[in-house]
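Student: Mind having a look at this structure? Questions to follow.
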There are 2 protein chains.
Amino acid sequence: MASPFEHPVEHPLKLDPATVKFPRDRDWSGKPRAEQTRLGLMKAAAAEIYEKGYNAAALSDILQRAGATKGALYHHFADKKALALAAMDHFIRLDLWEIWLEPFRASDDPVLTLRNLIIFLNTTGVIDKGLKHGCPVVNLTEEMGVQDEDFRTLIDEVNTEWRKVLVASLKRGQAAGNVRPDIDCDGTAMLILAIRHGVISYKKTSSDPDVMAKLAGAVFEFLESLRPGERAATNVH
Amino acid sequence: MASPFEHPVEHPLKLDPATVKFPRDRDWSGKPRAEQTRLGLMKAAAAEIYEKGYNAAALSDILQRAGATKGALYHHFADKKALALAAMDHFIRLDLWEIWLEPFRASDDPVLTLRNLIIFLNTTGVIDKGLKHGCPVVNLTEEMGVQDEDFRTLIDEVNTEWRKVLVASLKRGQAAGNVRPDIDCDGTAMLILAIRHGVISYKKTSSDPDVMAKLAGAVFEFLESLRPGERAATNVH
DNA sequence: TGCAATACAGACCGAACGGTCTGTTGTCAA
DNA sequence: TTGACAACAGACCGTTCGGTCTGTATTGCA
């Protein structure tokens with residue numbers, strides 16, 4: 001089977017592989033010392049939580065990674081949970097949305113945008129290298145979504161805004177004739193997020209080296225089914 | 001919007017709502033004492049791990065739930081991980097597969113079977129009441145899929161067998177004219193599992209009361225796109 | 001019945017964790 | 001220069017957890 005990633009399309013993603021910051025490697029050297037400490041703690045916390053999960057991420061490891069101490073931590077944050085909430089909120093909005101929301105904000109062809117985004121993430125190696133521990137939002141959903149109301153609220157807000165952007169893009173797509181007019185945009189947007197979630201999770205445990213190619217093929221089939229009219233010749237090459 | 005659950009079809013699920021054991025409430029009173037202890041420990045472990053996750057499930061809570069002691073636990077199992085692996089393997093194969101695999105083993109119309117299974121799970125209240133903590137396999141995937149190789153292997157084996165049953169059913173569906181002949185059964189089966197995974201996770205954190213109805217509508221749309229018909233695909237690579 | 005071997009019971013232990021508290025350093029305005 | 005407060009530094013504490021170990025009850029077989 002040919003790779004579904006083989007035929008990328010010139011895309012309007014407004015994402016430059018050279019400048020996209022992934023993972024979180026921003027520079028704060030210009031900021032005041034206290035804020036550097038605070039941001040460093042959040043950065044280390046986000047990384048540790050991403051790699052190990054909230055409960056397994058020990059404060060000692062976070063502090064070592066940040067080059068800080070208990071005194072600094074509890075000066076800036078009330079407790080571990082406050083640090084985690086601040087860190088996740090900050091980096092989800094900074095890193096994840098830059099990649100996963102911006103391309104859709106002005107798109108009237110979400111099927112093409114999503115397809116190209118997937119190809120972009122694959123060709124830039126994000127899927128292979130950067131997805132070893134899954135997606136931060138997905139991980140947080142699974143670990144803390146039920147156990148803690150504050151984390152649940154954060155995730156719910158993120159998903160809601162995410163869904164709204166997709167719904168708006170789907171509706172523009174319907175108006176532009178790029179998306180079937182009879183689909184439920186709200187449910188379809190939810191399903192797209194759910195598929196993203198499920199695919200990332202499936203990849204985490206699968207030992208099949210072709211798992212992403214097979215899944216991408218099926219996902220692209222699904223995306224094409226959202227286009228209006230006959231399915232003939234809608235799969236741009 | 002009409003509920004997508006409104007029009008159930010007479011289904012060949014071979015699942016009787018009255019006899020399906022969900023959650024795990026089997027009776028082992030006939031078994032020898034030692035085996036009752038062992039099964040009781042596994043049952044309690046599965047429940048605690050399902051509700052709190054592996055790391056957060058304390059041995060003290062498992063023991064209290066099982067009415068057993070440390071001595072009994074470490075007589076039957078090497079450590080916490082061995083208990084967890086045995087418990088998850090046992091109950092995934094016992095409870096989950098009875099519901100999620102058996103209906104597909106003889107079906108040549110997986111689209112209908114899956115649709116009816118979703119409706120069945122909804123009308124019997126499993127989705128509303130029994131899904132508060134998500135799905136055991138999904139939870140285990142997220143928490144332990146990357147952290148521990150033994151858990152990863154267990155999940156991978158479960159998903160592989162699961163996928164094989166779906167693939168066989170899809171192929172029978174193609175032979176019987178119920179499924180589009182051009183789809184990649186392997187990728188589609190993976191995607192179905194990924195969608196199941198993603199939908200369950202999405203529901204866990206969403207505060208939208210209609211989330212399942214909206215998602216089910218979109219899922220049913222996707223399933224119908226797998227049927228042959230005028231929307232024949234030309235998405236060939 | 002007696003004797004192993006199995007099947008527990010539960011006190012105990014060391015490690016790790018989140019959080020506290022006291023002391024020290026840096027910063028900036030008066 | 002100095003006082004006041006922010007910004008740390010790090011020893012310390014109580015709790016919890018997984019795991020061990022010794023002792024006791026139950027069971028199956030000779």
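Here, A, B, ... name the chains of the structure tokens in the order displayed, residue numbers run from 1 inside each chain, and ligands are numbered from 1 in the same displayed order.
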Considering only C-alpha atoms, tabulate each residue of chain B that lies at most 8 Å from chain A along with its nearest interatomic pair and the corresponding distance in Å to one decimal; arrange the rows by chain and ascending residue number and present them as JSON lines.

Tutor:
```
{"residue": "B:Lys52", "atom": "CA", "partner": "A:Gln147", "partner_atom": "CA", "distance": 7.4}
{"residue": "B:Gly53", "atom": "CA", "partner": "A:Glu143", "partner_atom": "CA", "distance": 7.7}
{"residue": "B:Lys132", "atom": "CA", "partner": "A:Val146", "partner_atom": "CA", "distance": 7.8}
{"residue": "B:His133", "atom": "CA", "partner": "A:Val146", "partner_atom": "CA", "distance": 6.6}
{"residue": "B:Asn139", "atom": "CA", "partner": "A:Glu142", "partner_atom": "CA", "distance": 6.4}
{"residue": "B:Thr141", "atom": "CA", "partner": "A:Thr205", "partner_atom": "CA", "distance": 7.0}
{"residue": "B:Glu142", "atom": "CA", "partner": "A:Glu142", "partner_atom": "CA", "distance": 6.2}
{"residue": "B:Glu143", "atom": "CA", "partner": "A:Glu143", "partner_atom": "CA", "distance": 6.7}
{"residue": "B:Gly145", "atom": "CA", "partner": "A:Thr205", "partner_atom": "CA", "distance": 5.5}
{"residue": "B:Val146", "atom": "CA", "partner": "A:Lys204", "partner_atom": "CA", "distance": 6.6}
{"residue": "B:Gln147", "atom": "CA", "partner": "A:Lys52", "partner_atom": "CA", "distance": 7.4}
{"residue": "B:Arg152", "atom": "CA", "partner": "A:Thr205", "partner_atom": "CA", "distance": 5.5}
{"residue": "B:Thr153", "atom": "CA", "partner": "A:Thr205", "partner_atom": "CA", "distance": 7.6}
{"residue": "B:Ile155", "atom": "CA", "partner": "A:Thr205", "partner_atom": "CA", "distance": 6.8}
{"residue": "B:Asp156", "atom": "CA", "partner": "A:Ser206", "partner_atom": "CA", "distance": 5.5}
{"residue": "B:Ile183", "atom": "CA", "partner": "A:Ala218", "partner_atom": "CA", "distance": 7.9}
{"residue": "B:Asp184", "atom": "CA", "partner": "A:Ala218", "partner_atom": "CA", "distance": 7.1}
{"residue": "B:Asp186", "atom": "CA", "partner": "A:Lys214", "partner_atom": "CA", "distance": 7.1}
{"residue": "B:Gly187", "atom": "CA", "partner": "A:Lys214", "partner_atom": "CA", "distance": 4.6}
{"residue": "B:Thr188", "atom": "CA", "partner": "A:Ala218", "partner_atom": "CA", "distance": 5.4}
{"residue": "B:Met190", "atom": "CA", "partner": "A:Leu215", "partner_atom": "CA", "distance": 6.4}
{"residue": "B:Leu191", "atom": "CA", "partner": "A:Leu215", "partner_atom": "CA", "distance": 6.0}
{"residue": "B:Leu193", "atom": "CA", "partner": "A:Gly198", "partner_atom": "CA", "distance": 7.7}
{"residue": "B:Ala194", "atom": "CA", "partner": "A:Gly198", "partner_atom": "CA", "distance": 4.1}
{"residue": "B:Ile195", "atom": "CA", "partner": "A:Ile195", "partner_atom": "CA", "distance": 5.1}
{"residue": "B:Arg196", "atom": "CA", "partner": "A:Gly198", "partner_atom": "CA", "distance": 7.3}
{"residue": "B:His197", "atom": "CA", "partner": "A:Gly198", "partner_atom": "CA", "distance": 5.1}
{"residue": "B:Gly198", "atom": "CA", "partner": "A:Ala194", "partner_atom": "CA", "distance": 4.1}
{"residue": "B:Val199", "atom": "CA", "partner": "A:Ala194", "partner_atom": "CA", "distance": 5.2}
{"residue": "B:Ser201", "atom": "CA", "partner": "A:Glu142", "partner_atom": "CA", "distance": 6.8}
{"residue": "B:Tyr202", "atom": "CA", "partner": "A:Ala194", "partner_atom": "CA", "distance": 6.2}
{"residue": "B:Lys204", "atom": "CA", "partner": "A:Gly145", "partner_atom": "CA", "distance": 6.5}
{"residue": "B:Thr205", "atom": "CA", "partner": "A:Gly145", "partner_atom": "CA", "distance": 5.5}
{"residue": "B:Ser206", "atom": "CA", "partner": "A:Asp156", "partner_atom": "CA", "distance": 5.5}
{"residue": "B:Ser207", "atom": "CA", "partner": "A:Asp156", "partner_atom": "CA", "distance": 7.0}
{"residue": "B:Val211", "atom": "CA", "partner": "A:Gly187", "partner_atom": "CA", "distance": 7.9}
{"residue": "B:Lys214", "atom": "CA", "partner": "A:Gly187", "partner_atom": "CA", "distance": 4.6}
{"residue": "B:Leu215", "atom": "CA", "partner": "A:Gly187", "partner_atom": "CA", "distance": 5.0}
{"residue": "B:Ala216", "atom": "CA", "partner": "A:Gly187", "partner_atom": "CA", "distance": 7.9}
{"residue": "B:Gly217", "atom": "CA", "partner": "A:Gly187", "partner_atom": "CA", "distance": 6.7}
{"residue": "B:Ala218", "atom": "CA", "partner": "A:Thr188", "partner_atom": "CA", "distance": 5.4}
{"residue": "B:Val219", "atom": "CA", "partner": "A:Leu191", "partner_atom": "CA", "distance": 7.1}
{"residue": "B:Phe222", "atom": "CA", "partner": "A:Phe222", "partner_atom": "CA", "distance": 6.7}
{"residue": "B:Ser225", "atom": "CA", "partner": "A:Ser225", "partner_atom": "CA", "distance": 6.5}
{"residue": "B:Glu230", "atom": "CA", "partner": "A:Glu230", "partner_atom": "CA", "distance": 7.4}
{"residue": "B:Arg231", "atom": "CA", "partner": "A:Glu230", "partner_atom": "CA", "distance": 5.5}
{"residue": "B:Ala232", "atom": "CA", "partner": "A:Arg231", "partner_atom": "CA", "distance": 6.4}
{"residue": "B:Ala233", "atom": "CA", "partner": "A:Arg231", "partner_atom": "CA", "distance": 5.4}
{"residue": "B:Thr234", "atom": "CA", "partner": "A:Ala232", "partner_atom": "CA", "distance": 5.5}
{"residue": "B:Asn235", "atom": "CA", "partner": "A:Asn235", "partner_atom": "CA", "distance": 6.0}
{"residue": "B:His237", "atom": "CA", "partner": "A:Ala2", "partner_atom": "CA", "distance": 6.0}
```

Student: Write the selection just made, keeping C-alpha atoms, as a PDB file, in the first residue's frame?

Tutor:
```
ATOM      1  CA  LYS B  52      -8.680   5.550  40.201  1.00  0.00           C
ATOM      2  CA  GLY B  53      -6.017   4.333  37.800  1.00  0.00           C
ATOM      3  CA  LYS B 132     -18.384   7.493  34.260  1.00  0.00           C
ATOM      4  CA  HIS B 133     -14.789   6.354  34.476  1.00  0.00           C
ATOM      5  CA  ASN B 139      -7.725   4.184  30.798  1.00  0.00           C
ATOM      6  CA  THR B 141      -3.708   2.707  27.558  1.00  0.00           C
ATOM      7  CA  GLU B 142      -3.362   6.305  28.633  1.00  0.00           C
ATOM      8  CA  GLU B 143      -1.828   5.707  32.030  1.00  0.00           C
ATOM      9  CA  GLY B 145       0.794   2.417  27.685  1.00  0.00           C
ATOM     10  CA  VAL B 146       4.041   4.366  27.530  1.00  0.00           C
ATOM     11  CA  GLN B 147       5.372   3.934  31.065  1.00  0.00           C
ATOM     12  CA  ARG B 152       1.875  -1.889  26.669  1.00  0.00           C
ATOM     13  CA  THR B 153       2.138  -5.484  25.458  1.00  0.00           C
ATOM     14  CA  ILE B 155      -2.938  -3.511  25.502  1.00  0.00           C
ATOM     15  CA  ASP B 156      -1.342  -4.174  22.135  1.00  0.00           C
ATOM     16  CA  ILE B 183     -11.856   0.397   1.752  1.00  0.00           C
ATOM     17  CA  ASP B 184      -8.775  -0.741   3.631  1.00  0.00           C
ATOM     18  CA  ASP B 186      -7.190  -2.955   8.460  1.00  0.00           C
ATOM     19  CA  GLY B 187      -7.030   0.832   8.617  1.00  0.00           C
ATOM     20  CA  THR B 188     -10.782   1.122   8.960  1.00  0.00           C
ATOM     21  CA  MET B 190      -8.088   0.674  13.576  1.00  0.00           C
ATOM     22  CA  LEU B 191     -10.032   3.856  12.990  1.00  0.00           C
ATOM     23  CA  LEU B 193     -11.256   1.411  17.615  1.00  0.00           C
ATOM     24  CA  ALA B 194      -9.665   4.851  17.700  1.00  0.00           C
ATOM     25  CA  ILE B 195     -13.068   6.508  17.354  1.00  0.00           C
ATOM     26  CA  ARG B 196     -14.458   4.374  20.163  1.00  0.00           C
ATOM     27  CA  HIS B 197     -11.493   5.378  22.287  1.00  0.00           C
ATOM     28  CA  GLY B 198     -11.774   9.060  21.449  1.00  0.00           C
ATOM     29  CA  VAL B 199     -15.522   9.268  21.934  1.00  0.00           C
ATOM     30  CA  SER B 201     -12.588  10.059  26.389  1.00  0.00           C
ATOM     31  CA  TYR B 202     -14.352  13.093  25.000  1.00  0.00           C
ATOM     32  CA  LYS B 204     -15.470  12.000  30.212  1.00  0.00           C
ATOM     33  CA  THR B 205     -14.674  15.690  30.412  1.00  0.00           C
ATOM     34  CA  SER B 206     -17.469  17.280  28.427  1.00  0.00           C
ATOM     35  CA  SER B 207     -20.121  19.183  30.344  1.00  0.00           C
ATOM     36  CA  VAL B 211     -22.485  15.220  23.783  1.00  0.00           C
ATOM     37  CA  LYS B 214     -24.200  14.651  18.839  1.00  0.00           C
ATOM     38  CA  LEU B 215     -21.227  12.325  18.640  1.00  0.00           C
ATOM     39  CA  ALA B 216     -23.397   9.316  17.880  1.00  0.00           C
ATOM     40  CA  GLY B 217     -24.993  11.202  15.002  1.00  0.00           C
ATOM     41  CA  ALA B 218     -21.609  11.942  13.472  1.00  0.00           C
ATOM     42  CA  VAL B 219     -20.394   8.405  14.133  1.00  0.00           C
ATOM     43  CA  PHE B 222     -19.238   7.871   9.308  1.00  0.00           C
ATOM     44  CA  SER B 225     -20.045   6.185   4.563  1.00  0.00           C
ATOM     45  CA  GLU B 230     -23.621   6.136  -5.137  1.00  0.00           C
ATOM     46  CA  ARG B 231     -20.891   7.784  -3.052  1.00  0.00           C
ATOM     47  CA  ALA B 232     -18.425   5.240  -4.378  1.00  0.00           C
ATOM     48  CA  ALA B 233     -14.912   6.349  -3.584  1.00  0.00           C
ATOM     49  CA  THR B 234     -12.028   6.920  -5.906  1.00  0.00           C
ATOM     50  CA  ASN B 235      -9.592   7.688  -3.147  1.00  0.00           C
ATOM     51  CA  HIS B 237      -3.266   5.744  -4.002  1.00  0.00           C
TER      52      HIS B 237
END
```

Student: Near DG19 in chain D, within 9 Å and counting only C-alpha atoms (C1' of nucleotides), which residues show up once chain neighbours fewer than 2 positions away are dropped, as an NGL selection string?

Tutor: (:B and (74 or 79)) or (:C and (13))

Student: Could you save the residues just selected, with N, CA and C atoms (P, O5', C5', C4', C3', O3' and C1' of nucleotides), as a PDB file, in the first residue's frame?

Tutor:
```pdb
ATOM      1  N   TYR B  74       0.165 -11.197  48.797  1.00  0.00           N
ATOM      2  CA  TYR B  74       1.528 -11.563  48.387  1.00  0.00           C
ATOM      3  C   TYR B  74       1.748 -13.078  48.408  1.00  0.00           C
ATOM      4  N   ASP B  79       3.720  -9.094  43.106  1.00  0.00           N
ATOM      5  CA  ASP B  79       3.675  -7.699  43.528  1.00  0.00           C
ATOM      6  C   ASP B  79       2.426  -7.036  42.949  1.00  0.00           C
TER       7      ASP B  79
ATOM      8  P    DC C  13       9.925  -1.660  62.826  1.00  0.00           P
ATOM      9  O5'  DC C  13      10.399  -1.514  61.312  1.00  0.00           O
ATOM     10  C5'  DC C  13      10.844  -2.663  60.596  1.00  0.00           C
ATOM     11  C4'  DC C  13      11.180  -2.257  59.166  1.00  0.00           C
ATOM     12  C3'  DC C  13      11.789  -0.866  59.058  1.00  0.00           C
ATOM     13  O3'  DC C  13      12.992  -0.927  58.317  1.00  0.00           O
ATOM     14  C1'  DC C  13       9.937  -1.092  57.571  1.00  0.00           C
TER      15       DC C  13
END
```

Student: Hey, what does DSSP flag as helix (DSSP H, G or I) within range 3-228 of chain A? Can you give it to me as an MDAnalysis selection string?

Tutor: chainID A and resid 33:52 59:66 70:76 80:100 102:105 110:123 126:129 136:144 149:175 185:205 211:224

Student: Could you tell me which residues of chain C sit within 9 Å of chain A when counting only C-alpha atoms (C1' of nucleotides), and give me the result as a list in words?

Tutor: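 Output check: DC17, DG18 and DG19 of chain C.
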
Student: Using only C-alpha atoms (C1' of nucleotides), find each residue in chain D having at least one atom no more than 12 Å away from chain B; report its shortest atom-to-atom pair and that distance in Å (one decimal), rows by chain then rising number, as CSV.

Tutor:
```
residue,atom,partner,partner_atom,distance
D:DT16,C1',B:Ala58,CA,9.3
D:DC17,C1',B:Ala58,CA,7.3
D:DG18,C1',B:Lys80,CA,7.7
D:DG19,C1',B:Asp79,CA,7.9
D:DT20,C1',B:Tyr74,CA,9.8
D:DC21,C1',B:Gly71,CA,10.1
D:DT22,C1',B:Gly71,CA,11.1
D:DG23,C1',B:Gly71,CA,11.3
D:DT24,C1',B:Gly71,CA,11.6
D:DT26,C1',B:Arg33,CA,10.2
D:DT27,C1',B:Arg33,CA,10.1
```

Student: Find the residues around range 31-41 of chain A up to 12 Å (only C-alpha atoms (C1' of nucleotides) counted), leave out those fewer than 4 positions away in its own chain, and share them as a VMD selection string.

Tutor: (chain A and resid 24 to 27 45 to 49 59 to 77 80 82 to 84 86 to 88 90 to 91) or (chain C and resid 26 to 27) or (chain D and resid 6 to 8)

Student: Show me, as a PyMOL selection string, the residues that have an atom within 7 Å of Thr113 in chain A when counting only C-alpha atoms (C1' of nucleotides), minus same-chain residues fewer than 3 positions from it.

Tutor: chain A and resi 13+103-104+109-110+116-117

Student: May I have the residues from that selection written out with C-alpha atoms, as a CSV table (one decimal), in the first residue's frame?

Tutor:
```
chain,number,residue,atom,x,y,z
A,13,LEU,CA,-1.4,26.4,6.9
A,103,PRO,CA,-4.7,27.0,10.5
A,104,PHE,CA,-8.5,26.7,10.9
A,109,ASP,CA,-11.9,24.1,3.5
A,110,PRO,CA,-11.3,22.3,6.8
A,116,ASN,CA,-2.5,19.1,5.1
A,117,LEU,CA,-2.0,19.6,8.8
```

Student: By how many Å are C1' of DA16 in chain C and CA of Leu85 in chain B apart?

Tutor: 23.8 Å

Student: Can you measure CA of Tyr50 in chain A to CA of Ile99 in chain A for me? One decimal in Å is fine.

Tutor: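 Answer for the CA of Tyr50 in chain A to CA of Ile99 in chain A separation: 17.3 Å.
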
Student: Excluding DG3 in chain D and its own-chain neighbours fewer than 2 positions away, which residues fall within 12 Å of it when counting only C-alpha atoms (C1' of nucleotides)? Please give them as a list in words.

Tutor: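 Result of the neighbour search: DC28, DA29 and DA30 of chain C; DT1 and DC5 of chain D.
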